[in-house]
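Undergrad: Pasting a structure here, questions to come.
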Amino acid sequence: MSTGTGRPATTTPDTAVTTVTTGGVIKRDQRREKDHPPIWRAYGKLVRLFRERAGHTQQTLAEAIGYSLEQVASVEQGRRPAKDTFTKAAERVLGAGGALFVLQDDVDRAKLPEFFRDFALLEAEALSRFSYDPMLIPGLLQTEAYARALLEAHFPPMDEETIEQHLAARMARQALLTKKNPTVVFVFILEEGALHRMVGGPEVMRGQMERLLECTRMRNVEIQVMSTSQAAHSGVNGQMVLLETIERRRFVAIESQGIVSVRSDEHEVSEFWMQYGMLRTQALNAAESARLIEREAGKR
């Protein structure tokens, strides 16, 4: 989904507000987020509590965990999200007993554009995730260099801190690919044009093609390419993501121009699943797709 493929995942600034209607639609509002996510502030308060209990000042904690005083202060005040390395070091030095580590996924998720967070919660509970991406390499498969190039291309431009937050969230979200208990099954159908779009230049694209090839060797991941020779097919109306959760509930998410709609109506969802089944028959199979990606990698 776009925090993987198109605009939201790659180019949405930190200004969206999410509302979920009774029909299951996630709509993007243009009101500016005035506060940082509450989970960052809650995490920061815990860090301060454990720091004071351990008899540390912000300065001595910073020295003990290898961060600057400004970084520790920003985390405690909820102005900056803690990275996984910060949490691991703070757990060790402060003896937090896992209280900080258990919040890390929520801290990371809050880095995502706000409109995307509700979908990310569904995605985190998925048993399977099938997607069709017509424009770009989806976020779950992007290299850091490819993702950064997309974020830096956003207009209006985002500040460096926002870019870094979105980039960190995108990379952290890729842990879904290797998640265990349960392992998630992924199918990605990419338009061939996404392989040709020169995001970040030849070197970035060569690395991106190599990353796709790595993913094709994962047992729970299948990548198919929709050849440009397939003039018309069942996905020409746009991007889609199909999810099935642990509770065997099915959802479809579609995104266009920064608006994400998540549908759960049984009849609507059934039509999308049939449509996706047809897409898989029209795309190149996994072996053919891997050979095409390998040829593209060799051209860079």
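Letters A, B, ... go to the chains of the structure tokens in the order shown; residues in each chain start at 1; ligands are counted from 1 in the same order.
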So which residues of segment 192-270 of chain A fall under alpha helix (DSSP H) by DSSP, listed as a PyMOL selection string?
TA: chain A and resi 192-196+202-216+266-270
Undergrad: Would you write out those residues with N, CA and C atoms, as a PDB file, in the first residue's frame?
TA:
```
ATOM      1  N   GLU A 192       5.195  -3.764 -14.885  1.00  0.00           N
ATOM      2  CA  GLU A 192       6.544  -3.715 -15.430  1.00  0.00           C
ATOM      3  C   GLU A 192       7.077  -2.286 -15.458  1.00  0.00           C
ATOM      4  N   GLY A 193       6.199  -1.321 -15.663  1.00  0.00           N
ATOM      5  CA  GLY A 193       6.625   0.077 -15.697  1.00  0.00           C
ATOM      6  C   GLY A 193       7.295   0.526 -14.415  1.00  0.00           C
ATOM      7  N   ALA A 194       6.919  -0.084 -13.282  1.00  0.00           N
ATOM      8  CA  ALA A 194       7.539   0.275 -12.001  1.00  0.00           C
ATOM      9  C   ALA A 194       9.009  -0.119 -11.974  1.00  0.00           C
ATOM     10  N   LEU A 195       9.376  -1.124 -12.759  1.00  0.00           N
ATOM     11  CA  LEU A 195      10.773  -1.552 -12.834  1.00  0.00           C
ATOM     12  C   LEU A 195      11.597  -0.586 -13.681  1.00  0.00           C
ATOM     13  N   HIS A 196      10.929   0.134 -14.587  1.00  0.00           N
ATOM     14  CA  HIS A 196      11.632   1.041 -15.486  1.00  0.00           C
ATOM     15  C   HIS A 196      11.720   2.466 -14.939  1.00  0.00           C
ATOM     16  N   PRO A 202      20.300   5.304 -11.789  1.00  0.00           N
ATOM     17  CA  PRO A 202      20.662   3.909 -12.110  1.00  0.00           C
ATOM     18  C   PRO A 202      21.184   3.107 -10.926  1.00  0.00           C
ATOM     19  N   GLU A 203      22.035   3.709 -10.106  1.00  0.00           N
ATOM     20  CA  GLU A 203      22.619   2.957  -8.995  1.00  0.00           C
ATOM     21  C   GLU A 203      21.552   2.555  -7.978  1.00  0.00           C
ATOM     22  N   VAL A 204      20.649   3.484  -7.663  1.00  0.00           N
ATOM     23  CA  VAL A 204      19.558   3.180  -6.734  1.00  0.00           C
ATOM     24  C   VAL A 204      18.676   2.083  -7.310  1.00  0.00           C
ATOM     25  N   MET A 205      18.375   2.163  -8.602  1.00  0.00           N
ATOM     26  CA  MET A 205      17.499   1.166  -9.219  1.00  0.00           C
ATOM     27  C   MET A 205      18.178  -0.202  -9.298  1.00  0.00           C
ATOM     28  N   ARG A 206      19.491  -0.225  -9.505  1.00  0.00           N
ATOM     29  CA  ARG A 206      20.194  -1.514  -9.500  1.00  0.00           C
ATOM     30  C   ARG A 206      20.076  -2.171  -8.126  1.00  0.00           C
ATOM     31  N   GLY A 207      20.268  -1.378  -7.080  1.00  0.00           N
ATOM     32  CA  GLY A 207      20.099  -1.915  -5.725  1.00  0.00           C
ATOM     33  C   GLY A 207      18.682  -2.365  -5.465  1.00  0.00           C
ATOM     34  N   GLN A 208      17.718  -1.632  -6.035  1.00  0.00           N
ATOM     35  CA  GLN A 208      16.316  -2.002  -5.836  1.00  0.00           C
ATOM     36  C   GLN A 208      15.981  -3.313  -6.543  1.00  0.00           C
ATOM     37  N   MET A 209      16.518  -3.498  -7.750  1.00  0.00           N
ATOM     38  CA  MET A 209      16.279  -4.759  -8.467  1.00  0.00           C
ATOM     39  C   MET A 209      16.906  -5.930  -7.709  1.00  0.00           C
ATOM     40  N   GLU A 210      18.097  -5.708  -7.153  1.00  0.00           N
ATOM     41  CA  GLU A 210      18.749  -6.763  -6.369  1.00  0.00           C
ATOM     42  C   GLU A 210      17.935  -7.103  -5.128  1.00  0.00           C
ATOM     43  N   ARG A 211      17.341  -6.084  -4.511  1.00  0.00           N
ATOM     44  CA  ARG A 211      16.486  -6.324  -3.341  1.00  0.00           C
ATOM     45  C   ARG A 211      15.258  -7.147  -3.731  1.00  0.00           C
ATOM     46  N   LEU A 212      14.660  -6.841  -4.880  1.00  0.00           N
ATOM     47  CA  LEU A 212      13.514  -7.630  -5.340  1.00  0.00           C
ATOM     48  C   LEU A 212      13.909  -9.091  -5.549  1.00  0.00           C
ATOM     49  N   LEU A 213      15.071  -9.306  -6.123  1.00  0.00           N
ATOM     50  CA  LEU A 213      15.529 -10.675  -6.344  1.00  0.00           C
ATOM     51  C   LEU A 213      15.748 -11.400  -5.018  1.00  0.00           C
ATOM     52  N   GLU A 214      16.292 -10.697  -4.031  1.00  0.00           N
ATOM     53  CA  GLU A 214      16.440 -11.293  -2.697  1.00  0.00           C
ATOM     54  C   GLU A 214      15.085 -11.731  -2.157  1.00  0.00           C
ATOM     55  N   CYS A 215      14.088 -10.877  -2.327  1.00  0.00           N
ATOM     56  CA  CYS A 215      12.758 -11.184  -1.793  1.00  0.00           C
ATOM     57  C   CYS A 215      12.113 -12.360  -2.517  1.00  0.00           C
ATOM     58  N   THR A 216      12.414 -12.536  -3.799  1.00  0.00           N
ATOM     59  CA  THR A 216      11.831 -13.677  -4.522  1.00  0.00           C
ATOM     60  C   THR A 216      12.328 -15.002  -3.959  1.00  0.00           C
ATOM     61  N   GLU A 266     -18.679  -7.912   2.979  1.00  0.00           N
ATOM     62  CA  GLU A 266     -18.400  -9.250   2.459  1.00  0.00           C
ATOM     63  C   GLU A 266     -18.519  -9.331   0.944  1.00  0.00           C
ATOM     64  N   HIS A 267     -19.560  -8.710   0.387  1.00  0.00           N
ATOM     65  CA  HIS A 267     -19.779  -8.802  -1.056  1.00  0.00           C
ATOM     66  C   HIS A 267     -18.752  -7.971  -1.824  1.00  0.00           C
ATOM     67  N   GLU A 268     -18.460  -6.775  -1.342  1.00  0.00           N
ATOM     68  CA  GLU A 268     -17.443  -5.948  -1.986  1.00  0.00           C
ATOM     69  C   GLU A 268     -16.090  -6.636  -1.965  1.00  0.00           C
ATOM     70  N   VAL A 269     -15.729  -7.158  -0.799  1.00  0.00           N
ATOM     71  CA  VAL A 269     -14.421  -7.799  -0.640  1.00  0.00           C
ATOM     72  C   VAL A 269     -14.307  -9.009  -1.560  1.00  0.00           C
ATOM     73  N   SER A 270     -15.385  -9.786  -1.673  1.00  0.00           N
ATOM     74  CA  SER A 270     -15.382 -10.974  -2.522  1.00  0.00           C
ATOM     75  C   SER A 270     -15.080 -10.622  -3.973  1.00  0.00           C
TER      76      SER A 270
END
```
Undergrad: Please report as JSON lines every residue of segment 124-145 of chain A lying within 10 Å of segment 161-181 of chain A, along with the nearest atom pair and their distance in Å (one decimal), using only C-alpha atoms.
TA:
```
{"residue": "A:Ala124", "atom": "CA", "partner": "A:Leu176", "partner_atom": "CA", "distance": 7.2}
{"residue": "A:Glu125", "atom": "CA", "partner": "A:Leu176", "partner_atom": "CA", "distance": 9.8}
{"residue": "A:Ala126", "atom": "CA", "partner": "A:Leu176", "partner_atom": "CA", "distance": 9.3}
{"residue": "A:Leu127", "atom": "CA", "partner": "A:Asn181", "partner_atom": "CA", "distance": 9.6}
{"residue": "A:Gly139", "atom": "CA", "partner": "A:Arg170", "partner_atom": "CA", "distance": 6.5}
{"residue": "A:Leu140", "atom": "CA", "partner": "A:Gln174", "partner_atom": "CA", "distance": 5.0}
{"residue": "A:Leu141", "atom": "CA", "partner": "A:Gln174", "partner_atom": "CA", "distance": 7.4}
{"residue": "A:Gln142", "atom": "CA", "partner": "A:Met171", "partner_atom": "CA", "distance": 8.3}
{"residue": "A:Thr143", "atom": "CA", "partner": "A:Met171", "partner_atom": "CA", "distance": 8.2}
{"residue": "A:Glu144", "atom": "CA", "partner": "A:Met171", "partner_atom": "CA", "distance": 7.0}
{"residue": "A:Ala145", "atom": "CA", "partner": "A:Leu167", "partner_atom": "CA", "distance": 9.6}
```
Undergrad: Between segment 58-108 of chain A and segment 37-42 of chain A, at 12 Å or less, what are the per-residue closest atom pairs and their distances in Å? Count only C-alpha atoms, order by chain and rising residue number, and return it as a Markdown table.
TA:
```
| residue | atom | partner | partner_atom | distance |
| --- | --- | --- | --- | --- |
| A:Ala73 | CA | A:Arg41 | CA | 11.5 |
| A:Ser74 | CA | A:Arg41 | CA | 9.8 |
| A:Val75 | CA | A:Trp40 | CA | 7.4 |
| A:Glu76 | CA | A:Arg41 | CA | 7.1 |
| A:Gln77 | CA | A:Arg41 | CA | 6.2 |
| A:Gly78 | CA | A:Arg41 | CA | 3.9 |
| A:Arg79 | CA | A:Trp40 | CA | 7.2 |
| A:Arg80 | CA | A:Trp40 | CA | 7.1 |
| A:Pro81 | CA | A:Trp40 | CA | 5.9 |
| A:Ala82 | CA | A:Trp40 | CA | 7.9 |
| A:Lys83 | CA | A:Trp40 | CA | 11.1 |
| A:Ala99 | CA | A:Ala42 | CA | 11.4 |
| A:Leu100 | CA | A:Ala42 | CA | 10.0 |
| A:Val102 | CA | A:Ile39 | CA | 11.8 |
| A:Leu103 | CA | A:Ile39 | CA | 8.1 |
| A:Gln104 | CA | A:Ile39 | CA | 9.6 |
| A:Asp105 | CA | A:Ile39 | CA | 10.3 |
| A:Asp106 | CA | A:Ile39 | CA | 6.9 |
| A:Val107 | CA | A:Trp40 | CA | 6.1 |
| A:Asp108 | CA | A:Trp40 | CA | 9.3 |
```
Undergrad: Just give me the gap between atom CA of Lys88 of chain A and atom CA of Thr57 of chain A in Å, one decimal is fine.
TA: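 It comes out at 18.4 Å.
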Undergrad: Restricting the calculation to only C-alpha atoms: of A:Arg197, A:Arg51, A:Arg109, A:Arg148, which residue gets closest to Met135 of chain A?
TA: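 Distance minimum relative to Met135 of chain A lands on A:Arg197.
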Undergrad: Please provide the set of residues having any atom within 9 Å of Phe188 of chain A, restricted to only C-alpha atoms, with same-chain residues fewer than 6 positions apart removed, written as a PDB file with N, CA, C and O atoms, in the first residue's frame.
TA:
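Dumped everything to selection_8.pdb:
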```pdb
ATOM      1  N   ARG A 129      -1.206 -11.154   2.744  1.00  0.00           N
ATOM      2  CA  ARG A 129      -1.282  -9.799   2.187  1.00  0.00           C
ATOM      3  C   ARG A 129      -0.968  -9.890   0.700  1.00  0.00           C
ATOM      4  O   ARG A 129       0.149 -10.214   0.310  1.00  0.00           O
ATOM      5  N   PHE A 130      -1.960  -9.614  -0.121  1.00  0.00           N
ATOM      6  CA  PHE A 130      -1.796  -9.649  -1.568  1.00  0.00           C
ATOM      7  C   PHE A 130      -1.970  -8.223  -2.091  1.00  0.00           C
ATOM      8  O   PHE A 130      -2.919  -7.543  -1.705  1.00  0.00           O
ATOM      9  N   SER A 131      -1.082  -7.785  -2.978  1.00  0.00           N
ATOM     10  CA  SER A 131      -1.197  -6.415  -3.469  1.00  0.00           C
ATOM     11  C   SER A 131      -0.919  -6.318  -4.955  1.00  0.00           C
ATOM     12  O   SER A 131      -0.210  -7.147  -5.531  1.00  0.00           O
ATOM     13  N   TYR A 132      -1.485  -5.273  -5.556  1.00  0.00           N
ATOM     14  CA  TYR A 132      -1.193  -4.910  -6.940  1.00  0.00           C
ATOM     15  C   TYR A 132      -0.734  -3.461  -6.932  1.00  0.00           C
ATOM     16  O   TYR A 132      -1.417  -2.587  -6.390  1.00  0.00           O
ATOM     17  N   ASP A 133       0.440  -3.202  -7.506  1.00  0.00           N
ATOM     18  CA  ASP A 133       1.036  -1.871  -7.474  1.00  0.00           C
ATOM     19  C   ASP A 133       1.409  -1.436  -8.885  1.00  0.00           C
ATOM     20  O   ASP A 133       2.344  -1.982  -9.469  1.00  0.00           O
ATOM     21  N   PRO A 138       6.440  -1.333  -4.117  1.00  0.00           N
ATOM     22  CA  PRO A 138       5.741  -1.123  -2.838  1.00  0.00           C
ATOM     23  C   PRO A 138       6.704  -0.964  -1.665  1.00  0.00           C
ATOM     24  O   PRO A 138       7.830  -1.483  -1.683  1.00  0.00           O
ATOM     25  N   VAL A 221       7.197 -15.231   0.205  1.00  0.00           N
ATOM     26  CA  VAL A 221       7.003 -14.070  -0.663  1.00  0.00           C
ATOM     27  C   VAL A 221       7.002 -14.508  -2.120  1.00  0.00           C
ATOM     28  O   VAL A 221       7.883 -15.261  -2.553  1.00  0.00           O
ATOM     29  N   GLU A 222       6.009 -14.051  -2.864  1.00  0.00           N
ATOM     30  CA  GLU A 222       5.978 -14.287  -4.301  1.00  0.00           C
ATOM     31  C   GLU A 222       5.794 -12.951  -5.004  1.00  0.00           C
ATOM     32  O   GLU A 222       4.944 -12.145  -4.621  1.00  0.00           O
ATOM     33  N   ILE A 223       6.614 -12.709  -6.017  1.00  0.00           N
ATOM     34  CA  ILE A 223       6.538 -11.471  -6.794  1.00  0.00           C
ATOM     35  C   ILE A 223       6.216 -11.829  -8.240  1.00  0.00           C
ATOM     36  O   ILE A 223       6.893 -12.657  -8.856  1.00  0.00           O
ATOM     37  N   GLN A 224       5.168 -11.216  -8.767  1.00  0.00           N
ATOM     38  CA  GLN A 224       4.800 -11.387 -10.158  1.00  0.00           C
ATOM     39  C   GLN A 224       4.826 -10.022 -10.838  1.00  0.00           C
ATOM     40  O   GLN A 224       4.476  -9.016 -10.235  1.00  0.00           O
ATOM     41  N   VAL A 225       5.231 -10.010 -12.083  1.00  0.00           N
ATOM     42  CA  VAL A 225       5.265  -8.774 -12.862  1.00  0.00           C
ATOM     43  C   VAL A 225       4.179  -8.825 -13.925  1.00  0.00           C
ATOM     44  O   VAL A 225       4.032  -9.835 -14.623  1.00  0.00           O
TER      45      VAL A 225
END
```
Undergrad: Tell me, in Å to one decimal, how far atom CA of Ala153 of chain A is from atom CA of His36 of chain A.
TA: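 Interatomic distance, atom CA of Ala153 of chain A to atom CA of His36 of chain A: 23.9 Å.
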Undergrad: Run DSSP on the backbone of this structure and report the residues of segment 151-225 of chain A it assigns to strand (DSSP E or B), as a list in words.
TA: Val185, Phe186, Val187, Phe188, Ile189, Leu190, Glu191, Val221, Glu222, Ile223, Gln224 and Val225 of chain A
Undergrad: For those residues, write all heavy atoms to a file as a tab-separated table (two decimals), in the first residue's frame.
TA:
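Full text of part.tsv as output:
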```tsv
chain	number	residue	atom	x	y	z
A	185	VAL	N	1.96	-14.65	4.54
A	185	VAL	CA	2.15	-14.97	3.12
A	185	VAL	C	1.93	-13.69	2.31
A	185	VAL	O	0.91	-13.02	2.46
A	185	VAL	CB	1.18	-16.06	2.66
A	185	VAL	CG1	1.30	-16.30	1.15
A	185	VAL	CG2	1.44	-17.36	3.43
A	186	PHE	N	2.89	-13.38	1.45
A	186	PHE	CA	2.82	-12.16	0.63
A	186	PHE	C	2.82	-12.51	-0.85
A	186	PHE	O	3.58	-13.37	-1.29
A	186	PHE	CB	4.04	-11.26	0.88
A	186	PHE	CG	4.10	-10.65	2.26
A	186	PHE	CD1	4.74	-11.32	3.28
A	186	PHE	CD2	3.51	-9.42	2.51
A	186	PHE	CE1	4.81	-10.77	4.56
A	186	PHE	CE2	3.57	-8.87	3.77
A	186	PHE	CZ	4.21	-9.54	4.80
A	187	VAL	N	1.96	-11.82	-1.59
A	187	VAL	CA	2.02	-11.85	-3.05
A	187	VAL	C	2.02	-10.40	-3.52
A	187	VAL	O	1.16	-9.61	-3.11
A	187	VAL	CB	0.84	-12.61	-3.68
A	187	VAL	CG1	0.93	-12.53	-5.21
A	187	VAL	CG2	0.81	-14.06	-3.23
A	188	PHE	N	3.01	-10.05	-4.33
A	188	PHE	CA	3.10	-8.70	-4.89
A	188	PHE	C	3.00	-8.81	-6.41
A	188	PHE	O	3.79	-9.54	-7.03
A	188	PHE	CB	4.44	-8.05	-4.55
A	188	PHE	CG	4.70	-7.86	-3.08
A	188	PHE	CD1	5.36	-8.85	-2.35
A	188	PHE	CD2	4.30	-6.71	-2.42
A	188	PHE	CE1	5.62	-8.68	-1.00
A	188	PHE	CE2	4.56	-6.54	-1.07
A	188	PHE	CZ	5.21	-7.52	-0.35
A	189	ILE	N	2.06	-8.10	-6.99
A	189	ILE	CA	2.00	-7.98	-8.45
A	189	ILE	C	2.41	-6.56	-8.80
A	189	ILE	O	1.77	-5.59	-8.35
A	189	ILE	CB	0.60	-8.29	-9.01
A	189	ILE	CG1	0.17	-9.71	-8.63
A	189	ILE	CG2	0.59	-8.12	-10.53
A	189	ILE	CD1	-1.23	-10.08	-9.09
A	190	LEU	N	3.49	-6.43	-9.56
A	190	LEU	CA	4.02	-5.13	-9.92
A	190	LEU	C	3.86	-4.90	-11.42
A	190	LEU	O	4.10	-5.82	-12.22
A	190	LEU	CB	5.52	-5.03	-9.59
A	190	LEU	CG	6.01	-5.56	-8.25
A	190	LEU	CD1	7.52	-5.40	-8.16
A	190	LEU	CD2	5.33	-4.85	-7.11
A	191	GLU	N	3.48	-3.71	-11.80
A	191	GLU	CA	3.49	-3.37	-13.21
A	191	GLU	C	4.94	-3.28	-13.69
A	191	GLU	O	5.81	-2.77	-12.98
A	191	GLU	CB	2.79	-2.04	-13.46
A	191	GLU	CG	1.28	-2.12	-13.57
A	191	GLU	CD	0.80	-2.83	-14.84
A	191	GLU	OE1	1.57	-2.89	-15.83
A	191	GLU	OE2	-0.35	-3.31	-14.84
A	221	VAL	N	7.20	-15.23	0.21
A	221	VAL	CA	7.00	-14.07	-0.66
A	221	VAL	C	7.00	-14.51	-2.12
A	221	VAL	O	7.88	-15.26	-2.55
A	221	VAL	CB	8.11	-13.02	-0.46
A	221	VAL	CG1	7.96	-11.87	-1.47
A	221	VAL	CG2	8.08	-12.48	0.97
A	222	GLU	N	6.01	-14.05	-2.86
A	222	GLU	CA	5.98	-14.29	-4.30
A	222	GLU	C	5.79	-12.95	-5.00
A	222	GLU	O	4.94	-12.14	-4.62
A	222	GLU	CB	4.84	-15.24	-4.69
A	222	GLU	CG	4.85	-15.59	-6.17
A	222	GLU	CD	4.00	-16.81	-6.49
A	222	GLU	OE1	4.22	-17.88	-5.88
A	222	GLU	OE2	3.09	-16.69	-7.34
A	223	ILE	N	6.61	-12.71	-6.02
A	223	ILE	CA	6.54	-11.47	-6.79
A	223	ILE	C	6.22	-11.83	-8.24
A	223	ILE	O	6.89	-12.66	-8.86
A	223	ILE	CB	7.86	-10.69	-6.73
A	223	ILE	CG1	8.16	-10.27	-5.29
A	223	ILE	CG2	7.80	-9.46	-7.64
A	223	ILE	CD1	9.51	-9.58	-5.12
A	224	GLN	N	5.17	-11.22	-8.77
A	224	GLN	CA	4.80	-11.39	-10.16
A	224	GLN	C	4.83	-10.02	-10.84
A	224	GLN	O	4.48	-9.02	-10.23
A	224	GLN	CB	3.40	-11.99	-10.29
A	224	GLN	CG	3.27	-13.42	-9.80
A	224	GLN	CD	1.87	-13.96	-10.00
A	224	GLN	OE1	1.12	-14.11	-9.04
A	224	GLN	NE2	1.50	-14.24	-11.25
A	225	VAL	N	5.23	-10.01	-12.08
A	225	VAL	CA	5.27	-8.77	-12.86
A	225	VAL	C	4.18	-8.83	-13.93
A	225	VAL	O	4.03	-9.83	-14.62
A	225	VAL	CB	6.65	-8.57	-13.52
A	225	VAL	CG1	6.64	-7.33	-14.41
A	225	VAL	CG2	7.74	-8.46	-12.45
```
Undergrad: Just the number, please: distance in Å from atom CA of Pro157 of chain A to atom CA of Gln239 of chain A, one decimal.
TA: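 Atom CA of Pro157 of chain A sits 24.5 Å away from atom CA of Gln239 of chain A.
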Undergrad: I need the residue nearest Ile246 of chain A from this list: A:Pro182, A:Pro156, A:Gly55, A:Gly44. Use only C-alpha atoms for the distance.
TA: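 That would be A:Pro182, the residue with the smallest distance to Ile246 of chain A.
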Undergrad: Which is closer to Arg250 of chain A than all the others in A:Leu151, A:Leu112, A:Leu136, A:Val262, using only C-alpha atoms?
TA: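 Checking each of A:Leu151, A:Leu112, A:Leu136, A:Val262 against Arg250 of chain A, counting only C-alpha atoms, the winner is A:Val262.
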Undergrad: With only C-alpha atoms as the basis for distance, which of A:Ser128, A:Arg291, A:Asp159, A:Leu121 is at the shortest distance from Asn220 of chain A?
TA: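 Between A:Ser128, A:Arg291, A:Asp159, A:Leu121, the residue approaching Asn220 of chain A most closely is A:Ser128.
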Undergrad: Hey, what's within 12 Å of Val236 of chain A if we count only C-alpha atoms and toss same-chain stuff fewer than 2 positions away? As a ChimeraX atom specification, please?
TA: /A:132-135,190-191,226,228,230-234,238-240,275-276,279,282
Undergrad: Keeping only N, CA and C atoms, take the residues you just selected and write them out as a compact mmCIF listing (two decimals), in the first residue's frame.
TA:
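As written to disk, result05.txt reads:
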```txt
# COMPACT_ATOMS: atom_id res chain seq x y z
N TYR A 132 -1.48 -5.27 -5.56
CA TYR A 132 -1.19 -4.91 -6.94
C TYR A 132 -0.73 -3.46 -6.93
N ASP A 133 0.44 -3.20 -7.51
CA ASP A 133 1.04 -1.87 -7.47
C ASP A 133 1.41 -1.44 -8.89
N PRO A 134 0.69 -0.46 -9.43
CA PRO A 134 0.90 -0.09 -10.83
C PRO A 134 1.98 0.94 -11.10
N MET A 135 2.42 1.71 -10.08
CA MET A 135 3.29 2.85 -10.34
C MET A 135 4.71 2.70 -9.79
N LEU A 190 3.49 -6.43 -9.56
CA LEU A 190 4.02 -5.13 -9.92
C LEU A 190 3.86 -4.90 -11.42
N GLU A 191 3.48 -3.71 -11.80
CA GLU A 191 3.49 -3.37 -13.21
C GLU A 191 4.94 -3.28 -13.69
N MET A 226 3.43 -7.73 -14.03
CA MET A 226 2.43 -7.60 -15.09
C MET A 226 3.12 -6.98 -16.29
N THR A 228 4.03 -5.20 -19.73
CA THR A 228 3.39 -4.12 -20.49
C THR A 228 2.74 -4.64 -21.77
N GLN A 230 0.68 -6.95 -21.77
CA GLN A 230 -0.70 -7.25 -21.38
C GLN A 230 -1.46 -5.91 -21.40
N ALA A 231 -1.99 -5.58 -22.57
CA ALA A 231 -2.52 -4.23 -22.78
C ALA A 231 -3.65 -3.86 -21.83
N ALA A 232 -4.57 -4.75 -21.61
CA ALA A 232 -5.69 -4.49 -20.70
C ALA A 232 -5.82 -5.68 -19.75
N HIS A 233 -6.09 -5.37 -18.47
CA HIS A 233 -6.24 -6.45 -17.50
C HIS A 233 -7.14 -5.98 -16.37
N SER A 234 -7.39 -6.86 -15.40
CA SER A 234 -8.39 -6.57 -14.38
C SER A 234 -7.91 -5.60 -13.31
N GLY A 238 -6.52 0.54 -10.82
CA GLY A 238 -5.64 1.07 -9.80
C GLY A 238 -5.18 0.08 -8.75
N GLN A 239 -4.38 0.62 -7.84
CA GLN A 239 -3.71 -0.14 -6.78
C GLN A 239 -4.71 -0.75 -5.80
N MET A 240 -4.34 -1.89 -5.22
CA MET A 240 -5.19 -2.53 -4.20
C MET A 240 -4.33 -3.39 -3.29
N GLN A 275 -11.21 -10.49 -8.53
CA GLN A 275 -10.44 -9.66 -9.45
C GLN A 275 -8.95 -9.94 -9.32
N TYR A 276 -8.50 -10.09 -8.08
CA TYR A 276 -7.08 -10.35 -7.85
C TYR A 276 -6.68 -11.73 -8.38
N LEU A 279 -6.03 -11.30 -11.90
CA LEU A 279 -4.75 -10.61 -12.10
C LEU A 279 -3.58 -11.58 -12.06
N GLN A 282 -3.09 -13.32 -15.25
CA GLN A 282 -2.69 -12.46 -16.36
C GLN A 282 -1.23 -12.00 -16.25
```
